[in-house]
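S.K.: Just dropping this structure here.
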Amino acid sequence: MHLDMEYAQDHSFSPESKLKLYFSPGTCSLAVNIALQETGLAYTPVKVDLKTKKTAAGDDFNAINAKGYVPALVLDSGELLTEVPAVLQFVADLAPQSNLAPANGTLERYLLQSWLTYVGTEVHKNFGPFFNPAATPEWKNACMANLERRLGYANDQLQGKDYLMGSQFTVADAYLFNTLSWAKFIKLNLEQWPNLAAYQQRIAERPSVVAARNLEKTA
């Protein structure tokens with residue numbers, strides 16, 4: 001199944017649609033929870049234990065998402081969408097009035113996609129080994145060096161800006177905030193990048209972020 005233009009006009013894309021988000025606390029699914037909270041769209045959060053691959057209700061998560069990881073977004077129709085950048089843009093397009101993503105086809109949209117790709121491949125990826133028991137010290141050292149360079153770039157780009165795209169909060173900010181929240185677990189002090197540290201604190205105070213974090217704590 002695929003998401004074509006005919007399907008995009010289906011009722012599943014209406015603001016009243018009830019989406020189902022499979023998430024796991026402490027993972028990159030927080031970004032999608034934040035985006036959904038920003039939109040105000042109705043959705044059902046379903047907690048997943050990634051070790052057992054079971055949902056809170058005991059269902060086999062692998063049968064829902066063969067990739068075995070979150071986020072996984074399921075529509076009323078049963079359509080499944082995975083991978084953070086794709087899911088975030090999908091959510092943003094469901095509620096264009098939330099201004100979480102520039103309009104498709106504009107240069108600004110491609111700039112947003114550039115940031116989503118950067119966060120995913122250059123930031124998120126380099127945090128991964130620190131949570132992998134099989135990672136060697138050499139691998140972790142290389143990833144730490146990469147993180148310091150990548151976060152330094154983000155810090156420079158935030159000079160004089162509230163968010164990655166300027167004055168407007170977007171799904172790219174939800175994703176970067178999510179990944180930066182892992183810094184404390186690997187003893188990476190964000191204070192060495194003043195713009196980035198202030199940015200992280202600013203986003204942490206958004207009502208959507210507070211709500212998403214509370215949801216993940218109590219689910």
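Residue numbering restarts at 1 for every chain of the structure tokens, chains are lettered A, B, ... in their displayed order, and ligands are numbered from 1 as they appear.
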Can you tell me, as a list in words, what residues are no more than 8 Å from range 36-47 of chain A when counting only C-alpha atoms, ignoring any on the same chain fewer than 2 positions away?
M.R.: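 Once the adjacent positions are removed, what remains is Pro15, Glu16, Ser17, Lys18, Leu19, Lys20, Leu21, Tyr22, Phe23, Ser24, Pro25, Val32, Asn33, Ile34, Asp49, Thr55, Ala56, Val91, Ala92, Ala95, Ser98, Ser208, Val209, Ala211, Ala212 and Ala219 of chain A.
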S.K.: How about saving the chosen residues, C-alpha atoms kept, as a PDB file, in the first residue's frame?
M.R.:
ATOM      1  CA  PRO A  15      -8.491  16.659  11.315  1.00  0.00           C
ATOM      2  CA  GLU A  16     -11.067  14.456  13.073  1.00  0.00           C
ATOM      3  CA  SER A  17      -9.197  11.270  12.218  1.00  0.00           C
ATOM      4  CA  LYS A  18      -7.999   9.159  15.132  1.00  0.00           C
ATOM      5  CA  LEU A  19      -4.411   8.106  14.605  1.00  0.00           C
ATOM      6  CA  LYS A  20      -2.603   5.403  16.559  1.00  0.00           C
ATOM      7  CA  LEU A  21       1.002   6.090  17.521  1.00  0.00           C
ATOM      8  CA  TYR A  22       3.187   3.258  18.740  1.00  0.00           C
ATOM      9  CA  PHE A  23       5.895   4.745  20.946  1.00  0.00           C
ATOM     10  CA  SER A  24       8.479   3.828  23.537  1.00  0.00           C
ATOM     11  CA  PRO A  25       9.668   6.252  26.235  1.00  0.00           C
ATOM     12  CA  VAL A  32       6.143  12.492  16.920  1.00  0.00           C
ATOM     13  CA  ASN A  33       4.305  12.729  20.229  1.00  0.00           C
ATOM     14  CA  ILE A  34       5.379  16.380  20.407  1.00  0.00           C
ATOM     15  CA  ASP A  49       8.357  -2.523  25.145  1.00  0.00           C
ATOM     16  CA  THR A  55       2.586  -3.522  23.397  1.00  0.00           C
ATOM     17  CA  ALA A  56       1.111  -2.547  26.752  1.00  0.00           C
ATOM     18  CA  VAL A  91       1.634  14.805  10.862  1.00  0.00           C
ATOM     19  CA  ALA A  92       2.547  18.368   9.908  1.00  0.00           C
ATOM     20  CA  ALA A  95      -2.674  20.091  10.291  1.00  0.00           C
ATOM     21  CA  SER A  98      -0.135  24.454  12.917  1.00  0.00           C
ATOM     22  CA  SER A 208       3.248  20.423  23.664  1.00  0.00           C
ATOM     23  CA  VAL A 209       6.594  19.167  24.925  1.00  0.00           C
ATOM     24  CA  ALA A 211       2.316  17.244  27.540  1.00  0.00           C
ATOM     25  CA  ALA A 212       4.213  14.718  25.398  1.00  0.00           C
ATOM     26  CA  ALA A 219       1.392   5.682  29.704  1.00  0.00           C
TER      27      ALA A 219
END
S.K.: List every residue of range 115-151 of chain A that has an atom at most 8 Å from any atom of range 180-193 of chain A, giving for each one its closest atom pair and the distance in Å to one decimal, counting only C-alpha atoms, sorted by chain and then by ascending residue number, as a Markdown table.
M.R.:
| residue | atom | partner | partner_atom | distance |
| --- | --- | --- | --- | --- |
| A:Phe127 | CA | A:Trp182 | CA | 7.6 |
| A:Phe130 | CA | A:Ile186 | CA | 6.9 |
| A:Leu151 | CA | A:Trp193 | CA | 7.8 |
S.K.: Which residues are near range 113-123 of chain A? Cut-off 12 Å, only C-alpha atoms, ignore same chain within fewer than 3 positions. Put them as a PyMOL selection string.
M.R.: chain A and resi 28+31+83-89+101-110+126-129+143-154+157+163-165+170-183
S.K.: With C-alpha atoms retained, could you export that selection as a short mmCIF file (atom, residue, chain, number, x, y, z; two decimals), in the first residue's frame?
M.R.:
data_model
loop_
_atom_site.label_atom_id
_atom_site.label_comp_id
_atom_site.auth_asym_id
_atom_site.auth_seq_id
_atom_site.Cartn_x
_atom_site.Cartn_y
_atom_site.Cartn_z
CA CYS A 28 12.85 9.11 18.93
CA ALA A 31 9.35 13.84 18.45
CA GLU A 83 10.67 6.55 9.98
CA VAL A 84 10.80 9.79 11.94
CA PRO A 85 11.25 12.33 9.08
CA ALA A 86 8.38 10.81 7.09
CA VAL A 87 6.02 10.51 10.05
CA LEU A 88 6.77 14.05 11.22
CA GLN A 89 6.04 15.55 7.80
CA ALA A 101 6.18 22.42 8.04
CA PRO A 102 6.33 24.81 5.07
CA ALA A 103 4.11 23.99 2.09
CA ASN A 104 5.16 21.15 -0.18
CA GLY A 105 7.02 22.30 -3.29
CA THR A 106 8.55 25.38 -1.69
CA LEU A 107 12.25 25.92 -1.08
CA GLU A 108 11.48 26.22 2.61
CA ARG A 109 10.07 22.68 2.60
CA TYR A 110 13.30 21.35 1.14
CA ASN A 126 25.88 9.26 16.34
CA PHE A 127 23.99 8.91 19.62
CA GLY A 128 23.12 5.31 18.78
CA PRO A 129 26.35 3.53 19.75
CA CYS A 143 30.80 9.15 17.43
CA MET A 144 31.45 11.63 20.22
CA ALA A 145 33.81 13.54 17.96
CA ASN A 146 31.17 13.52 15.25
CA LEU A 147 28.51 14.74 17.67
CA GLU A 148 30.68 17.61 18.81
CA ARG A 149 31.17 18.75 15.22
CA ARG A 150 27.51 18.31 14.22
CA LEU A 151 26.17 20.04 17.30
CA GLY A 152 28.69 22.83 16.84
CA TYR A 153 27.24 23.40 13.38
CA ALA A 154 23.68 23.46 14.75
CA GLN A 157 23.05 28.01 12.70
CA TYR A 163 14.36 27.72 15.89
CA LEU A 164 16.13 25.91 13.07
CA MET A 165 13.93 27.54 10.43
CA THR A 170 8.71 23.09 13.08
CA VAL A 171 8.87 19.31 13.21
CA ALA A 172 12.64 19.57 12.70
CA ASP A 173 12.84 21.24 16.10
CA ALA A 174 10.78 18.45 17.66
CA TYR A 175 13.27 15.95 16.28
CA LEU A 176 16.42 17.84 17.29
CA PHE A 177 15.03 18.49 20.77
CA ASN A 178 14.28 14.78 21.10
CA THR A 179 17.83 13.74 20.19
CA LEU A 180 19.44 16.40 22.35
CA SER A 181 17.54 15.04 25.35
CA TRP A 182 19.86 12.01 25.21
CA ALA A 183 22.94 14.14 25.86
#
S.K.: Please extract the residues of chain A with a backbone DSSP assignment of strand (DSSP E or B) and present them as a ChimeraX atom specification.
M.R.: /A:19-23,43-49,54-55,60,72-74,80-82,163,166
S.K.: Once you have the residues from the selection above, write them out as a tab-separated table (two decimals), in the first residue's frame, restricted to N, CA and C atoms.
M.R.:
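Final file, again_8.tsv:
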chain	number	residue	atom	x	y	z
A	19	LEU	N	-5.63	8.80	14.95
A	19	LEU	CA	-4.41	8.11	14.61
A	19	LEU	C	-3.95	7.25	15.79
A	20	LYS	N	-3.16	6.24	15.50
A	20	LYS	CA	-2.60	5.40	16.56
A	20	LYS	C	-1.09	5.45	16.45
A	21	LEU	N	-0.45	5.97	17.50
A	21	LEU	CA	1.00	6.09	17.52
A	21	LEU	C	1.61	5.07	18.47
A	22	TYR	N	2.43	4.19	17.92
A	22	TYR	CA	3.19	3.26	18.74
A	22	TYR	C	4.49	3.94	19.14
A	23	PHE	N	4.74	4.02	20.44
A	23	PHE	CA	5.89	4.74	20.95
A	23	PHE	C	6.56	3.97	22.07
A	43	TYR	N	-5.45	11.34	18.73
A	43	TYR	CA	-4.66	10.14	18.44
A	43	TYR	C	-4.59	9.26	19.68
A	44	THR	N	-4.32	7.99	19.44
A	44	THR	CA	-4.21	7.04	20.53
A	44	THR	C	-2.75	6.61	20.68
A	45	PRO	N	-2.11	6.92	21.79
A	45	PRO	CA	-0.72	6.49	22.01
A	45	PRO	C	-0.71	5.05	22.53
A	46	VAL	N	0.14	4.23	21.96
A	46	VAL	CA	0.26	2.83	22.38
A	46	VAL	C	1.71	2.57	22.76
A	47	LYS	N	1.93	2.25	24.02
A	47	LYS	CA	3.29	2.03	24.52
A	47	LYS	C	3.82	0.67	24.08
A	48	VAL	N	5.07	0.65	23.69
A	48	VAL	CA	5.73	-0.58	23.23
A	48	VAL	C	6.97	-0.85	24.07
A	49	ASP	N	7.13	-2.09	24.49
A	49	ASP	CA	8.36	-2.52	25.15
A	49	ASP	C	9.27	-3.06	24.05
A	54	LYS	N	6.49	-6.23	22.73
A	54	LYS	CA	5.09	-6.34	23.08
A	54	LYS	C	4.52	-4.96	23.38
A	55	THR	N	3.26	-4.76	23.03
A	55	THR	CA	2.59	-3.52	23.40
A	55	THR	C	2.11	-3.64	24.84
A	60	ASP	N	1.76	-8.45	19.77
A	60	ASP	CA	3.07	-8.62	19.15
A	60	ASP	C	3.37	-7.41	18.26
A	72	ALA	N	5.81	4.20	14.96
A	72	ALA	CA	4.99	3.59	13.93
A	72	ALA	C	3.62	4.23	14.04
A	73	LEU	N	3.17	4.82	12.97
A	73	LEU	CA	1.89	5.52	12.97
A	73	LEU	C	0.91	4.75	12.11
A	74	VAL	N	-0.22	4.39	12.71
A	74	VAL	CA	-1.25	3.64	12.01
A	74	VAL	C	-2.51	4.50	11.89
A	80	LEU	N	0.20	1.95	7.48
A	80	LEU	CA	1.30	2.09	8.42
A	80	LEU	C	2.36	3.02	7.84
A	81	LEU	N	2.83	3.94	8.67
A	81	LEU	CA	3.90	4.84	8.25
A	81	LEU	C	4.99	4.82	9.31
A	82	THR	N	6.24	4.66	8.87
A	82	THR	CA	7.37	4.62	9.79
A	82	THR	C	8.47	5.57	9.35
A	163	TYR	N	14.50	29.11	16.34
A	163	TYR	CA	14.36	27.72	15.89
A	163	TYR	C	15.19	27.49	14.64
A	166	GLY	N	14.08	29.54	11.80
A	166	GLY	CA	13.89	30.97	12.06
A	166	GLY	C	13.05	31.19	13.29
